[in-house]
Amino acid sequence: MADLIIRKAVREDCKEIMGMTRELAEFERMPDSVNLTEDILVRDGFDSDPPFFFDLIAEIDGIVIGHALYFYSYSPVEGGRLLYLEDLYIKEQYRGKGYGNKLFDAVINVARENDCFCMQWCVLNWNEKALGFYQKKGAFDLTLDRGTHMYRIEKDQMVKLANTE
């Protein structure tokens, strides 16, 4: 395994993060779903105080090979914060070499260092490799173990709801 460096993203990484976001959307069979731009990444991750998200970059010999984008949320039930992992991505040619494992562990360390009571993320139900990876890490599926479902309301529906009140 080549020497992997995992570091905090800087604004100059936004072009790479943008590219990997598009690659991930393609992999997830949703290539037209990306509305993100580099300007939005800069604004929300580096110009906002506090930032809306954080990102770890994985690189080898100065070449970015992957990243992990995350943010924090708060649970009044637990009385503490949780780390939500939005994207964990390793470029295709670097997969299967243990880099994703090391990047995931780095995110776990961030959660531990920030006293998070848990870390959460979503996985598409057809992504067997990812499901197996996370299960080997000791993660459990909330849908199966706790009967929890994650819902989403998109912007157009929020507008409809706001206009009906």
# chains A, B, ... in the order shown; residues from 1 in each chain; ligands from 1
>>> residues_around(residues="Leu36 in chain A", least_positions_apart="5", cutoff="9 Å", atoms="only C-alpha atoms", output="PyMOL selection string")
chain A and resi 18+21+41
>>> write_last_selection(atoms="C-alpha atoms", output="PDB file, in the first residue's frame")
ATOM      1  CA  MET A  18     -16.826  18.447  -6.992  1.00  0.00           C
ATOM      2  CA  THR A  21     -19.284  14.132  -6.106  1.00  0.00           C
ATOM      3  CA  LEU A  41     -18.714  24.175  -1.736  1.00  0.00           C
TER       4      LEU A  41
END
>>> select_by_dssp(residues="range 10-152 of chain A", states="strand (DSSP E or B)", output="ChimeraX atom specification")
/A:54-60,63-75,80-90,118-120
>>> closest_residue(among="A:Ser48, A:Leu161, A:Glu28, A:Lys137", to="Tyr89 in chain A", atoms="only C-alpha atoms")
A:Glu28
>>> select_by_dssp(residues="range 3-131 of chain A", states="alpha helix (DSSP H)", output="ChimeraX atom specification")
/A:14-27,38-42,99-113,128-131
>>> write_last_selection(atoms="C-alpha atoms", output="JSON list (two decimals), in the first residue's frame")
[["chain", "number", "residue", "atom", "x", "y", "z"],
["A", 14, "CYS", "CA", -13.23, 22.02, -3.96],
["A", 15, "LYS", "CA", -12.60, 21.21, -7.63],
["A", 16, "GLU", "CA", -11.56, 17.65, -6.70],
["A", 17, "ILE", "CA", -14.46, 17.28, -4.26],
["A", 18, "MET", "CA", -16.83, 18.45, -6.99],
["A", 19, "GLY", "CA", -15.42, 15.90, -9.43],
["A", 20, "MET", "CA", -15.71, 13.07, -6.92],
["A", 21, "THR", "CA", -19.28, 14.13, -6.11],
["A", 22, "ARG", "CA", -20.16, 13.76, -9.79],
["A", 23, "GLU", "CA", -18.39, 10.38, -9.96],
["A", 24, "LEU", "CA", -20.30, 9.17, -6.90],
["A", 25, "ALA", "CA", -23.62, 10.32, -8.37],
["A", 26, "GLU", "CA", -22.78, 8.41, -11.55],
["A", 27, "PHE", "CA", -21.93, 5.29, -9.50],
["A", 38, "GLU", "CA", -17.60, 24.61, -6.61],
["A", 39, "ASP", "CA", -18.82, 28.04, -5.52],
["A", 40, "ILE", "CA", -21.39, 26.45, -3.21],
["A", 41, "LEU", "CA", -18.71, 24.18, -1.74],
["A", 42, "VAL", "CA", -16.46, 27.16, -1.05],
["A", 99, "TYR", "CA", -7.79, 3.15, 1.43],
["A", 100, "GLY", "CA", -11.53, 3.37, 2.07],
["A", 101, "ASN", "CA", -11.02, 1.49, 5.32],
["A", 102, "LYS", "CA", -8.39, 3.99, 6.46],
["A", 103, "LEU", "CA", -10.51, 6.97, 5.42],
["A", 104, "PHE", "CA", -13.53, 5.58, 7.27],
["A", 105, "ASP", "CA", -11.41, 5.03, 10.38],
["A", 106, "ALA", "CA", -10.20, 8.63, 10.14],
["A", 107, "VAL", "CA", -13.82, 9.82, 10.19],
["A", 108, "ILE", "CA", -14.48, 7.62, 13.23],
["A", 109, "ASN", "CA", -11.54, 9.28, 14.95],
["A", 110, "VAL", "CA", -12.99, 12.72, 14.16],
["A", 111, "ALA", "CA", -16.28, 11.62, 15.75],
["A", 112, "ARG", "CA", -14.49, 10.32, 18.82],
["A", 113, "GLU", "CA", -12.33, 13.44, 19.17],
["A", 128, "GLU", "CA", -23.89, -4.86, -1.44],
["A", 129, "LYS", "CA", -20.17, -4.05, -1.22],
["A", 130, "ALA", "CA", -20.80, -0.98, 0.94],
["A", 131, "LEU", "CA", -23.36, -2.80, 3.08]]
>>> closest_residue(among="A:Gln120, A:Arg43, A:Asp156, A:Glu59", to="Ser73 in chain A", atoms="only C-alpha atoms")
A:Gln120
>>> closest_residue(among="A:Arg29, A:Lys160, A:Arg152, A:Lys8", to="Phe53 in chain A", atoms="only C-alpha atoms")
A:Lys8
>>> atom_distance(atom1="CA of Ile6 in chain A", atom2="CA of Gly45 in chain A")
17.7 Å
>>> closest_residue(among="A:Lys136, A:Tyr70, A:Asn114, A:Tyr151", to="Phe54 in chain A", atoms="only C-alpha atoms")
A:Tyr70
>>> atom_distance(atom1="CA of Asp87 in chain A", atom2="CA of Val159 in chain A")
26.9 Å
>>> residues_around(residues="Cys118 in chain A", least_positions_apart="2", cutoff="7 Å", atoms="only C-alpha atoms", output="ChimeraX atom specification")
/A:82-83,116,120
>>> closest_residue(among="A:Tyr134, A:Phe117, A:Trp126, A:Phe140", to="Tyr74 in chain A", atoms="only C-alpha atoms")
A:Phe117
>>> closest_residue(among="A:Leu69, A:Leu124, A:Ala58, A:Val77", to="Lys91 in chain A", atoms="only C-alpha atoms")
A:Ala58
